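Novice: Here you go, one structure.
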Amino acid sequence: MKKYIIISLIALLALSCEKETYKATLYGLGCEYPVKEVGSEAGKAVFEVLSDNEWTATISSDDSWLWFTDNPSSKEIVLSGDVSLCVSYQADRGVSRESVIILTGGDIRVELILKQKGLLPLALDIVQKNVLVPASGGEYSARIRTLMNPDLFLIESTEPWIRHLRIENNDVRFDVDANYQDSLRTATIMISSASLSGQVCVSQASEKSVWTYAGVNEVKALKTSAGELVINSHILLEGVVLNDDSEGNGAENRNVSSVIQDLSGSSSALYLANDDNTSGIRVDFSSAVYQKVSRFDHVAIDLYGATLTRYQKPLRYVLSNVSTDAIMASSEMVGFTAKSKHIGDLAEDDIYTLVRIDDVEIPIGKGPFLPLDTRQVSIMNKYPMVLLDNNGDNIYMCVNTTCSWGRNGEAMPLGSGSVTGVIVHEHCDNFEWDKDAQNRMLSEGLALDYITDIGDIGYYQIRPVHREDVRLANERDNSFSQLLCEYTRFIANADSTAVLPTYSSNGNLTARKGSANGRIIPKRDWSRLDTSNYGMWSITENQAWSCSAWTTSKYWCVEFSTEGIDQTHSPMSIQFGIVNGYGMRCGAPRYWRMDYSVDDSDWISAGTFTVPDFALTSGRRNWQTAGHKYISITLPDDAEIWDKAKVCVRLIPISKAAGTGNSYDGGSIDSVEDQSSKCDNSLNYLSVRYNK
């Protein structure tokens, strides 16, 4: 123990000598560098805490921007001995701030101080970007934040009817003349210094303007059946903005065709919730909107000319054909919070609202959020990463291919915690494909390459806006689940007929056909943390494995033991990454099933799934994917798999149907023409886990 810890021990010994009846556990507790200063961007800070006993670390509940990296859901943790205490913090888009982390052990209290620089000392923050004023005019203001001297700013208006502009107490103040025209008029107030600039949009009603204010539910009530409604009156929709596009994951981008993407959706759509976050709506603008508003602004939007669409299954509402000029007013919303739920509690009213899903983890123990071949992403606008909660329920988390943290060299967290985001209903054609919908569209004259948005990946998905919304512990030890076995790379037995686990020695993985095991070989994988070599691990790097010559009697089989584990540790779930073919080859099985057995003979179904083809190097189709598809399936609660010497889980084709270059499932695994006997199916990950 370092000498400053010893000093603490001596102090306690001296105190105990003064009064013989004083009894205390001797503590040494300290930190050599208790003060840290960090920049304005989100990140992590590590304090090296030294102790010879148990101690407690506490973050104030008021400091929502700071949390324990390995236990993000708790503001107080108990630790023991010498620990590298890691805390994560959000980006500081405001003024500089600091937080005190209190360490207590015995009678010793130590303060760790984290100071974070804010953007405002070097920036101008326009808090209120839009102001709506009445026809009568008068004096008005827009809220800003800056630490600079107001005299250093030049303030100008694009219109002469806005006069006497000045900055007073972090407000831009201005006088507005009366509007005697027949229609609304707008002006822009420009605020600039030698290196900074910002603007406020002012909209002024006319004497003939008639507006009706409406909340989210009132706008939804305008359409009581499925279909579209064009709004022909000036309704001002009021709501709270839930997203921004500062990290490229604000909203859904779309595929126009198999080779054309529209990447503007992430910057031109807003999710609006009412003030109590019980109801939400999506607003699609004609152009990028994020310079006009900020996340958690309370806004008023003129809906004249907009189209309101009511969708069914799930019930949701979308406003389209909205101009950014329709944003009449905005102000900072204080105290808006996400509602807390588990996956199984989600309901239709949660769509387009902000929800914190608790007790979840990403049950994939390798790679980045975007495990895709970066050369092939023209057919993909996002990657749905699977989430698992402690009840065994699953949901996909949508991460755009434009997301700044999708593949930034940082691995996905291995522990559990919470994920906060907007609940959405989005499609992913690369994971699923609706052949009936395809045929209907073909009969209506739409070309195959232009059929999109028919891949159903579940009733709900969650879209985190910022990386800090994914509050999962980094370490696997801080997780609600325990691995029985995990396969993250190709480690083969002597004759390459089995893959050995990379976590634990519990069981093996084979490709069976009857009593024989097929030969398994290494395969390409796209789970590199960076984009070197297009994000691909080569065959020689053994990050994935494959087997070919598939039939409906051949299957992947993982064996493991559950001895000593009883049903109190349920649920048990299986996760895997899977894809068919590579390059110009397709023809491996499309439709599969997961079964389990405790006697390696009687198989019980646990669910079905589809396996996509890897994107062809030419002639790409929307149903193909640019990497492995991650899937999580939970075994039934009544599955008699506990405390068994041997349990088997298999992935088996249930149909001869396979993809071709021009059809989703029009080929057959018996077709010599499609080289199906040679086309392979590969895995890059498999795990079996249960609750601790």
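If you're wondering about the labels, chains in the structure tokens are A, B, ... by order shown, residues count from 1 in each chain, ligands from 1 in order shown.
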Using only C-alpha atoms, which residues sit within 12 Å of region 436-447 of chain A once same-chain residues fewer than 2 positions away are excluded, as a list in words?
Specialist: Val256, Ser257, Ser258, Asp429, Glu432, Trp433, Asp434, Asp449, Tyr450, Ile451, Thr452, Asp453, Ile454, Gly455, Asp456, Arg621, Asn622, Trp623, Asn662, Ser663, Tyr664 and Asp665 of chain A
Novice: Take the residues from that selection and put them in a file with C-alpha atoms, as a PDB file, in the first residue's frame.
Specialist:
ATOM      1  CA  VAL A 256     -34.764   3.366 -53.023  1.00  0.00           C
ATOM      2  CA  SER A 257     -33.609   0.315 -54.985  1.00  0.00           C
ATOM      3  CA  SER A 258     -31.003  -2.429 -54.793  1.00  0.00           C
ATOM      4  CA  ASP A 429     -35.313  -6.411 -46.178  1.00  0.00           C
ATOM      5  CA  GLU A 432     -36.420 -10.837 -43.848  1.00  0.00           C
ATOM      6  CA  TRP A 433     -38.391 -10.746 -47.079  1.00  0.00           C
ATOM      7  CA  ASP A 434     -42.151 -10.934 -47.687  1.00  0.00           C
ATOM      8  CA  ASP A 449     -34.999  -3.914 -57.886  1.00  0.00           C
ATOM      9  CA  TYR A 450     -37.366  -1.220 -56.573  1.00  0.00           C
ATOM     10  CA  ILE A 451     -39.307  -3.349 -54.114  1.00  0.00           C
ATOM     11  CA  THR A 452     -38.302  -2.254 -50.587  1.00  0.00           C
ATOM     12  CA  ASP A 453     -39.607  -1.939 -47.023  1.00  0.00           C
ATOM     13  CA  ILE A 454     -41.307  -5.346 -46.865  1.00  0.00           C
ATOM     14  CA  GLY A 455     -38.939  -7.115 -44.459  1.00  0.00           C
ATOM     15  CA  ASP A 456     -40.704  -7.490 -41.098  1.00  0.00           C
ATOM     16  CA  ARG A 621     -30.663  -7.843 -54.324  1.00  0.00           C
ATOM     17  CA  ASN A 622     -32.456  -6.158 -51.438  1.00  0.00           C
ATOM     18  CA  TRP A 623     -32.926  -9.477 -49.616  1.00  0.00           C
ATOM     19  CA  ASN A 662     -33.111 -13.319 -59.287  1.00  0.00           C
ATOM     20  CA  SER A 663     -35.388 -14.870 -56.669  1.00  0.00           C
ATOM     21  CA  TYR A 664     -35.617 -14.931 -52.895  1.00  0.00           C
ATOM     22  CA  ASP A 665     -36.447 -18.634 -52.626  1.00  0.00           C
TER      23      ASP A 665
END
Novice: Taking only residues of region 605-663 of chain A that have an atom at most 12 Å from an atom of region 527-535 of chain A, what is each one's shortest atom pair and its distance in Å to one decimal, using only C-alpha atoms, in chain and number order, as JSON lines?
Specialist:
{"residue": "A:Ala626", "atom": "CA", "partner": "A:Gly535", "partner_atom": "CA", "distance": 10.8}
{"residue": "A:Gly627", "atom": "CA", "partner": "A:Ser527", "partner_atom": "CA", "distance": 8.4}
{"residue": "A:His628", "atom": "CA", "partner": "A:Ser527", "partner_atom": "CA", "distance": 8.9}
{"residue": "A:Lys629", "atom": "CA", "partner": "A:Ser527", "partner_atom": "CA", "distance": 11.5}
{"residue": "A:Tyr630", "atom": "CA", "partner": "A:Ser527", "partner_atom": "CA", "distance": 11.7}
Novice: As number ranges by chain, please: the residues near region 545-552 of chain A (cut-off 10 Å, only C-alpha atoms, same-chain neighbours under 2 positions excluded).
Specialist: A: 488-492, 497, 499, 510-511, 513, 518-525, 539, 542-543, 554-556, 578-581, 587-589, 592, 652-656, 669-670, 675-685
Novice: Write a file of the just-selected residues containing N, CA and C atoms, as a CSV table (one decimal), in the first residue's frame.
Specialist:
chain,number,residue,atom,x,y,z
A,488,THR,N,-16.5,-17.9,-30.7
A,488,THR,CA,-16.3,-16.6,-31.3
A,488,THR,C,-15.4,-16.7,-32.5
A,489,ARG,N,-14.7,-17.8,-32.7
A,489,ARG,CA,-13.8,-18.0,-33.8
A,489,ARG,C,-13.6,-19.5,-34.1
A,490,PHE,N,-12.9,-19.8,-35.2
A,490,PHE,CA,-12.8,-21.2,-35.6
A,490,PHE,C,-11.6,-21.8,-34.9
A,491,ILE,N,-11.9,-22.6,-33.9
A,491,ILE,CA,-10.9,-23.5,-33.3
A,491,ILE,C,-11.4,-24.9,-33.5
A,492,ALA,N,-10.7,-25.7,-34.3
A,492,ALA,CA,-11.2,-27.0,-34.7
A,492,ALA,C,-10.5,-28.1,-34.0
A,497,THR,N,-13.8,-31.7,-37.8
A,497,THR,CA,-15.2,-32.1,-37.8
A,497,THR,C,-15.9,-31.5,-36.7
A,499,VAL,N,-16.0,-27.7,-34.0
A,499,VAL,CA,-15.5,-26.4,-33.6
A,499,VAL,C,-15.5,-26.4,-32.0
A,510,THR,N,-20.8,-29.2,-34.2
A,510,THR,CA,-20.6,-30.0,-35.3
A,510,THR,C,-21.6,-29.7,-36.4
A,511,ALA,N,-21.3,-30.2,-37.6
A,511,ALA,CA,-22.3,-30.1,-38.8
A,511,ALA,C,-22.6,-31.6,-39.1
A,513,LYS,N,-24.7,-35.1,-40.4
A,513,LYS,CA,-25.6,-35.7,-41.3
A,513,LYS,C,-25.6,-37.2,-41.0
A,518,GLY,N,-19.7,-33.5,-40.9
A,518,GLY,CA,-19.1,-32.9,-42.0
A,518,GLY,C,-17.9,-32.1,-41.7
A,519,ARG,N,-17.0,-31.9,-42.7
A,519,ARG,CA,-15.8,-31.2,-42.5
A,519,ARG,C,-16.1,-29.7,-42.5
A,520,ILE,N,-15.6,-29.0,-41.5
A,520,ILE,CA,-15.8,-27.6,-41.3
A,520,ILE,C,-14.5,-26.8,-41.6
A,521,ILE,N,-14.7,-25.7,-42.3
A,521,ILE,CA,-13.5,-25.0,-42.8
A,521,ILE,C,-13.6,-23.5,-42.3
A,522,PRO,N,-12.5,-22.8,-42.3
A,522,PRO,CA,-12.6,-21.4,-41.9
A,522,PRO,C,-13.3,-20.6,-43.0
A,523,LYS,N,-13.8,-19.4,-42.6
A,523,LYS,CA,-14.7,-18.6,-43.5
A,523,LYS,C,-14.4,-17.1,-43.2
A,524,ARG,N,-14.7,-16.3,-44.2
A,524,ARG,CA,-14.6,-14.8,-44.0
A,524,ARG,C,-15.6,-14.3,-43.0
A,525,ASP,N,-15.2,-13.2,-42.3
A,525,ASP,CA,-16.1,-12.6,-41.3
A,525,ASP,C,-15.9,-11.1,-41.4
A,539,ILE,N,-10.1,-15.5,-44.6
A,539,ILE,CA,-10.3,-16.9,-44.2
A,539,ILE,C,-9.2,-17.4,-43.3
A,542,ASN,N,-9.5,-17.1,-39.3
A,542,ASN,CA,-10.3,-18.0,-38.5
A,542,ASN,C,-11.3,-17.4,-37.7
A,543,GLN,N,-12.0,-16.3,-38.1
A,543,GLN,CA,-13.0,-15.7,-37.3
A,543,GLN,C,-14.4,-16.2,-37.6
A,554,LYS,N,-29.3,-32.5,-42.8
A,554,LYS,CA,-28.0,-32.1,-42.2
A,554,LYS,C,-28.2,-30.8,-41.4
A,555,TYR,N,-27.5,-30.7,-40.3
A,555,TYR,CA,-27.7,-29.6,-39.3
A,555,TYR,C,-26.5,-29.3,-38.5
A,556,TRP,N,-26.4,-28.0,-38.1
A,556,TRP,CA,-25.5,-27.6,-37.1
A,556,TRP,C,-26.0,-28.1,-35.7
A,578,ILE,N,-25.2,-15.9,-38.7
A,578,ILE,CA,-25.4,-16.8,-39.8
A,578,ILE,C,-25.6,-16.2,-41.1
A,579,VAL,N,-25.0,-16.7,-42.2
A,579,VAL,CA,-25.2,-16.2,-43.5
A,579,VAL,C,-24.9,-17.3,-44.5
A,580,ASN,N,-25.5,-17.2,-45.8
A,580,ASN,CA,-25.2,-18.1,-46.8
A,580,ASN,C,-24.3,-17.6,-47.9
A,581,GLY,N,-23.3,-18.4,-48.3
A,581,GLY,CA,-22.5,-18.1,-49.5
A,581,GLY,C,-21.6,-16.9,-49.4
A,587,GLY,N,-27.5,-20.3,-53.0
A,587,GLY,CA,-28.1,-21.6,-53.1
A,587,GLY,C,-28.2,-22.5,-51.9
A,588,ALA,N,-27.7,-22.0,-50.8
A,588,ALA,CA,-27.8,-22.7,-49.5
A,588,ALA,C,-29.2,-22.5,-49.0
A,589,PRO,N,-29.6,-23.3,-48.0
A,589,PRO,CA,-31.0,-23.3,-47.5
A,589,PRO,C,-31.5,-21.9,-47.0
A,592,TRP,N,-35.0,-22.2,-42.0
A,592,TRP,CA,-34.4,-23.1,-40.9
A,592,TRP,C,-35.3,-23.1,-39.7
A,652,ILE,N,-31.4,-26.5,-38.3
A,652,ILE,CA,-31.6,-27.5,-39.4
A,652,ILE,C,-32.5,-26.9,-40.4
A,653,PRO,N,-32.1,-27.1,-41.7
A,653,PRO,CA,-33.0,-26.6,-42.8
A,653,PRO,C,-34.4,-27.3,-42.8
A,654,ILE,N,-35.4,-26.6,-43.1
A,654,ILE,CA,-36.8,-27.2,-43.1
A,654,ILE,C,-37.4,-27.2,-44.4
A,655,SER,N,-36.6,-26.8,-45.4
A,655,SER,CA,-37.1,-26.7,-46.8
A,655,SER,C,-35.9,-26.8,-47.8
A,656,LYS,N,-36.1,-27.3,-49.0
A,656,LYS,CA,-35.1,-27.3,-50.0
A,656,LYS,C,-35.0,-25.9,-50.7
A,669,ILE,N,-31.9,-26.5,-53.1
A,669,ILE,CA,-30.6,-27.0,-52.7
A,669,ILE,C,-30.2,-28.3,-53.4
A,670,ASP,N,-31.2,-28.9,-54.2
A,670,ASP,CA,-30.9,-30.0,-55.1
A,670,ASP,C,-30.5,-29.6,-56.5
A,675,GLN,N,-25.4,-24.8,-58.3
A,675,GLN,CA,-24.2,-25.2,-57.5
A,675,GLN,C,-24.5,-25.3,-56.1
A,676,SER,N,-25.8,-25.7,-55.7
A,676,SER,CA,-26.2,-25.7,-54.3
A,676,SER,C,-25.4,-26.7,-53.5
A,677,SER,N,-25.0,-27.8,-54.2
A,677,SER,CA,-24.2,-28.7,-53.4
A,677,SER,C,-22.9,-28.2,-52.9
A,678,LYS,N,-22.4,-27.1,-53.6
A,678,LYS,CA,-21.2,-26.5,-53.2
A,678,LYS,C,-21.4,-25.2,-52.3
A,679,CYS,N,-22.5,-24.7,-52.4
A,679,CYS,CA,-22.8,-23.4,-51.6
A,679,CYS,C,-22.8,-23.7,-50.1
A,680,ASP,N,-22.1,-22.8,-49.4
A,680,ASP,CA,-22.0,-23.1,-48.0
A,680,ASP,C,-22.9,-22.2,-47.1
A,681,ASN,N,-23.0,-22.6,-45.9
A,681,ASN,CA,-23.7,-21.8,-44.8
A,681,ASN,C,-22.6,-21.6,-43.8
A,682,SER,N,-22.5,-20.4,-43.2
A,682,SER,CA,-21.4,-20.1,-42.3
A,682,SER,C,-22.0,-19.5,-41.0
A,683,LEU,N,-21.2,-19.7,-39.9
A,683,LEU,CA,-21.5,-19.1,-38.6
A,683,LEU,C,-20.3,-18.3,-38.2
A,684,ASN,N,-20.5,-17.2,-37.6
A,684,ASN,CA,-19.3,-16.4,-37.0
A,684,ASN,C,-19.4,-16.3,-35.5
A,685,TYR,N,-20.5,-16.8,-34.9
A,685,TYR,CA,-20.7,-16.6,-33.5
A,685,TYR,C,-21.8,-17.6,-33.1
Novice: Give me, as a list in words, all polymer residues having an atom no more than 8 Å from Ala42 (chain A), counting only C-alpha atoms and skipping those fewer than 5 positions away in the same chain.
Specialist: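 Here the answer would be Ser88, Tyr89, Gln90, Ala91, Asp92 and Glu468 of chain A.
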Novice: Identify which of the residues A:Tyr304, A:Trp55, A:Phe296, A:Phe480 lies closest to Met333 (chain A), counting only C-alpha atoms when measuring atom-to-atom distances.
Specialist: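 Looking at the shortest contact to Met333 (chain A), the residue is A:Phe296.
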Novice: What lies within 10 Å of Ser597 (chain A) using only C-alpha atoms, ignoring chain neighbours under 4 positions off, as a JSON list (two decimals) with N, CA, C and O atoms, in the first residue's frame?
Specialist:
[["chain", "number", "residue", "atom", "x", "y", "z"],
["A", 559, "GLU", "N", -23.52, -29.19, -28.55],
["A", 559, "GLU", "CA", -23.76, -30.02, -27.38],
["A", 559, "GLU", "C", -23.15, -29.35, -26.15],
["A", 559, "GLU", "O", -22.08, -28.76, -26.23],
["A", 601, "SER", "N", -32.23, -37.49, -29.75],
["A", 601, "SER", "CA", -33.10, -38.29, -30.61],
["A", 601, "SER", "C", -34.44, -37.61, -30.82],
["A", 601, "SER", "O", -34.87, -37.38, -31.95],
["A", 602, "ASP", "N", -35.13, -37.30, -29.71],
["A", 602, "ASP", "CA", -36.42, -36.62, -29.79],
["A", 602, "ASP", "C", -36.19, -35.11, -29.78],
["A", 602, "ASP", "O", -35.73, -34.55, -28.78],
["A", 603, "TRP", "N", -36.52, -34.47, -30.90],
["A", 603, "TRP", "CA", -36.24, -33.04, -31.05],
["A", 603, "TRP", "C", -37.52, -32.23, -30.90],
["A", 603, "TRP", "O", -38.58, -32.60, -31.43],
["A", 604, "ILE", "N", -37.42, -31.13, -30.17],
["A", 604, "ILE", "CA", -38.56, -30.24, -29.91],
["A", 604, "ILE", "C", -38.22, -28.87, -30.50],
["A", 604, "ILE", "O", -37.15, -28.32, -30.26],
["A", 605, "SER", "N", -39.16, -28.32, -31.26],
["A", 605, "SER", "CA", -38.91, -27.04, -31.93],
["A", 605, "SER", "C", -38.92, -25.88, -30.94],
["A", 605, "SER", "O", -39.75, -25.81, -30.03],
["A", 639, "ALA", "N", -39.07, -26.16, -21.02],
["A", 639, "ALA", "CA", -38.09, -27.08, -21.62],
["A", 639, "ALA", "C", -37.35, -27.83, -20.52],
["A", 639, "ALA", "O", -36.78, -27.23, -19.61],
["A", 640, "GLU", "N", -37.33, -29.15, -20.60],
["A", 640, "GLU", "CA", -36.71, -29.98, -19.55],
["A", 640, "GLU", "C", -35.22, -30.15, -19.85],
["A", 640, "GLU", "O", -34.73, -31.25, -20.14],
["A", 641, "ILE", "N", -34.50, -29.05, -19.76],
["A", 641, "ILE", "CA", -33.09, -29.03, -20.16],
["A", 641, "ILE", "C", -32.17, -28.81, -18.97],
["A", 641, "ILE", "O", -30.94, -28.77, -19.13],
["A", 646, "LYS", "N", -26.27, -33.96, -20.81],
["A", 646, "LYS", "CA", -26.09, -33.60, -22.21],
["A", 646, "LYS", "C", -27.37, -32.96, -22.74],
["A", 646, "LYS", "O", -28.46, -33.51, -22.60],
["A", 647, "VAL", "N", -27.21, -31.80, -23.34],
["A", 647, "VAL", "CA", -28.30, -31.12, -24.04],
["A", 647, "VAL", "C", -27.79, -30.81, -25.44],
["A", 647, "VAL", "O", -26.63, -30.42, -25.63],
["A", 648, "CYS", "N", -28.64, -30.98, -26.44],
["A", 648, "CYS", "CA", -28.27, -30.67, -27.82],
["A", 648, "CYS", "C", -29.23, -29.61, -28.38],
["A", 648, "CYS", "O", -30.44, -29.67, -28.14],
["A", 649, "VAL", "N", -28.68, -28.68, -29.09],
["A", 649, "VAL", "CA", -29.47, -27.69, -29.82],
["A", 649, "VAL", "C", -28.99, -27.73, -31.27],
["A", 649, "VAL", "O", -27.79, -27.72, -31.54],
["A", 650, "ARG", "N", -29.94, -27.80, -32.20],
["A", 650, "ARG", "CA", -29.55, -27.87, -33.60],
["A", 650, "ARG", "C", -30.21, -26.78, -34.43],
["A", 650, "ARG", "O", -31.31, -26.31, -34.12]]
Novice: If we count only C-alpha atoms and set the cut-off at 12 Å, which residues sit around Gly335 (chain A), ignoring sequence neighbours fewer than 2 positions away in its own chain? Please answer as a PyMOL selection string.
Specialist: chain A and resi 62+64+240+275-277+296-298+332-333+337-338
Novice: Take the residues just selected and output them with C-alpha atoms as a short mmCIF file (atom, residue, chain, number, x, y, z; two decimals), in the first residue's frame.
Specialist:
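In the end it all went to part-v1.cif:
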data_model
loop_
_atom_site.label_atom_id
_atom_site.label_comp_id
_atom_site.auth_asym_id
_atom_site.auth_seq_id
_atom_site.Cartn_x
_atom_site.Cartn_y
_atom_site.Cartn_z
CA ASP A 62 -28.42 15.02 -9.87
CA SER A 64 -27.31 12.35 -14.88
CA VAL A 240 -41.17 17.57 -27.76
CA ASP A 275 -45.11 16.62 -22.83
CA ASP A 276 -45.71 13.57 -20.63
CA ASN A 277 -44.17 11.18 -23.20
CA PHE A 296 -35.77 18.03 -26.35
CA ASP A 297 -37.01 21.31 -27.82
CA HIS A 298 -40.70 22.01 -27.37
CA GLU A 332 -36.02 24.34 -24.44
CA MET A 333 -38.01 21.63 -22.65
CA THR A 337 -37.70 11.99 -19.15
CA ALA A 338 -37.85 8.60 -20.83
#
Novice: Can you tell me, as a ChimeraX atom specification, which residues in region 53-205 of chain A count as strand (DSSP E or B) by DSSP?
Specialist: /A:54-59,66-68,76-80,83-89,97-105,108-116,125-126,130-133,138-145,154-157,162-168,171-176,185-192,197-204
Novice: Go ahead and write the selection's residues with C-alpha atoms as a compact mmCIF listing (two decimals), in the first residue's frame.
Specialist:
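So selection.txt came out as:
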# COMPACT_ATOMS: atom_id res chain seq x y z
CA GLU A 54 -14.43 -2.75 1.28
CA TRP A 55 -15.53 0.74 0.19
CA THR A 56 -18.44 2.51 -1.48
CA ALA A 57 -18.44 4.90 -4.43
CA THR A 58 -21.39 7.28 -4.89
CA ILE A 59 -22.39 9.64 -7.72
CA LEU A 66 -22.11 10.72 -15.34
CA TRP A 67 -22.35 7.00 -14.48
CA PHE A 68 -20.26 4.01 -13.45
CA GLU A 76 -23.83 3.71 -5.79
CA ILE A 77 -21.55 0.68 -5.95
CA VAL A 78 -19.65 -1.33 -3.35
CA LEU A 79 -16.11 -2.42 -4.20
CA SER A 80 -13.15 -3.90 -2.40
CA VAL A 83 -9.70 -0.88 -8.15
CA SER A 84 -9.44 1.08 -11.39
CA LEU A 85 -12.73 2.95 -10.99
CA CYS A 86 -14.05 3.82 -14.45
CA VAL A 87 -16.81 6.39 -14.99
CA SER A 88 -18.44 7.31 -18.30
CA TYR A 89 -19.70 10.77 -19.15
CA ARG A 97 -19.37 21.39 -15.28
CA GLU A 98 -17.97 19.15 -12.60
CA SER A 99 -19.09 16.28 -10.42
CA VAL A 100 -17.86 14.94 -7.09
CA ILE A 101 -17.68 11.17 -6.65
CA ILE A 102 -17.70 10.27 -2.96
CA LEU A 103 -15.68 7.31 -1.70
CA THR A 104 -16.41 6.09 1.81
CA GLY A 105 -14.81 3.31 3.83
CA ILE A 108 -12.67 7.84 5.71
CA ARG A 109 -14.31 10.01 3.07
CA VAL A 110 -12.49 10.76 -0.19
CA GLU A 111 -13.70 13.10 -2.93
CA LEU A 112 -12.90 12.40 -6.57
CA ILE A 113 -13.57 15.39 -8.83
CA LEU A 114 -14.29 15.14 -12.55
CA LYS A 115 -14.22 18.44 -14.42
CA GLN A 116 -15.57 18.58 -17.97
CA ASP A 125 -25.62 28.09 -28.34
CA ILE A 126 -28.94 29.21 -29.84
CA ASN A 130 -37.68 29.71 -33.71
CA VAL A 131 -40.00 32.46 -32.43
CA LEU A 132 -43.65 32.98 -33.39
CA VAL A 133 -45.06 36.48 -32.76
CA GLY A 138 -44.11 44.28 -29.87
CA GLU A 139 -40.93 43.38 -27.99
CA TYR A 140 -39.79 39.74 -28.04
CA SER A 141 -36.73 37.65 -27.25
CA ALA A 142 -34.96 34.39 -28.08
CA ARG A 143 -32.88 32.51 -25.53
CA ILE A 144 -29.15 31.94 -26.22
CA ARG A 145 -26.17 30.80 -24.16
CA LEU A 154 -22.95 41.57 -34.61
CA ILE A 155 -26.74 41.17 -34.74
CA GLU A 156 -28.62 41.74 -37.98
CA SER A 157 -32.07 41.03 -39.39
CA ILE A 162 -37.43 43.62 -36.98
CA ARG A 163 -35.57 46.43 -35.23
CA HIS A 164 -33.55 47.39 -32.15
CA LEU A 165 -31.64 44.11 -31.85
CA ARG A 166 -29.45 43.55 -28.77
CA ILE A 167 -28.25 40.89 -26.33
CA GLU A 168 -29.32 41.20 -22.70
CA ASP A 171 -31.44 36.78 -24.53
CA VAL A 172 -31.51 38.23 -28.03
CA ARG A 173 -34.12 40.97 -27.72
CA PHE A 174 -35.82 42.70 -30.62
CA ASP A 175 -38.82 44.82 -31.55
CA VAL A 176 -41.31 43.65 -34.19
CA ARG A 185 -44.13 36.68 -42.94
CA THR A 186 -40.74 35.45 -41.81
CA ALA A 187 -37.32 36.91 -41.08
CA THR A 188 -33.95 35.65 -39.91
CA ILE A 189 -31.92 37.21 -37.11
CA MET A 190 -28.22 36.52 -37.67
CA ILE A 191 -25.81 36.58 -34.72
CA SER A 192 -22.10 36.49 -35.49
CA SER A 197 -22.42 32.45 -35.91
CA GLY A 198 -26.00 31.42 -35.33
CA GLN A 199 -29.50 32.41 -36.32
CA VAL A 200 -33.04 32.76 -35.05
CA CYS A 201 -36.05 32.39 -37.35
CA VAL A 202 -38.93 34.77 -36.58
CA SER A 203 -42.41 34.04 -37.96
CA GLN A 204 -45.11 36.66 -37.62
Novice: Could you find all residues in region 7-222 of chain A that DSSP calls helix (DSSP H, G or I) from the backbone, and write them as a ChimeraX atom specification?
Specialist: /A:7-18,120-122,150-152,216-220
Novice: Smallest atom-to-atom distance to Asn321 (chain A): which of A:Leu196, A:Val95, A:Met385, A:Val230, using only C-alpha atoms?
Specialist: A:Val230
Novice: Quick one: residues within 12 Å of region 207-215 of chain A, only C-alpha atoms, excluding same-chain residues fewer than 4 positions away - as a PyMOL selection string?
Specialist: chain A and resi 132-137+178-185+203+219-222+232-240+272-281+298-304+328-329
Novice: Choose the residue, out of A:Ala288, A:Leu686, A:Val49, A:Val322, that has the smallest atom-to-atom separation from Ala544 (chain A); count only C-alpha atoms.
Specialist: A:Leu686
Novice: Using only C-alpha atoms, which of the listed residues (A:Ile574, A:Val470, A:Val419, A:Cys398) sits closest to Cys485 (chain A)?
Specialist: A:Ile574
Novice: Which distance in Å separates CA of Glu361 (chain A) and CA of Ile343 (chain A), to one decimal?
Specialist: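 Separation of CA of Glu361 (chain A) and CA of Ile343 (chain A): 11.7 Å.
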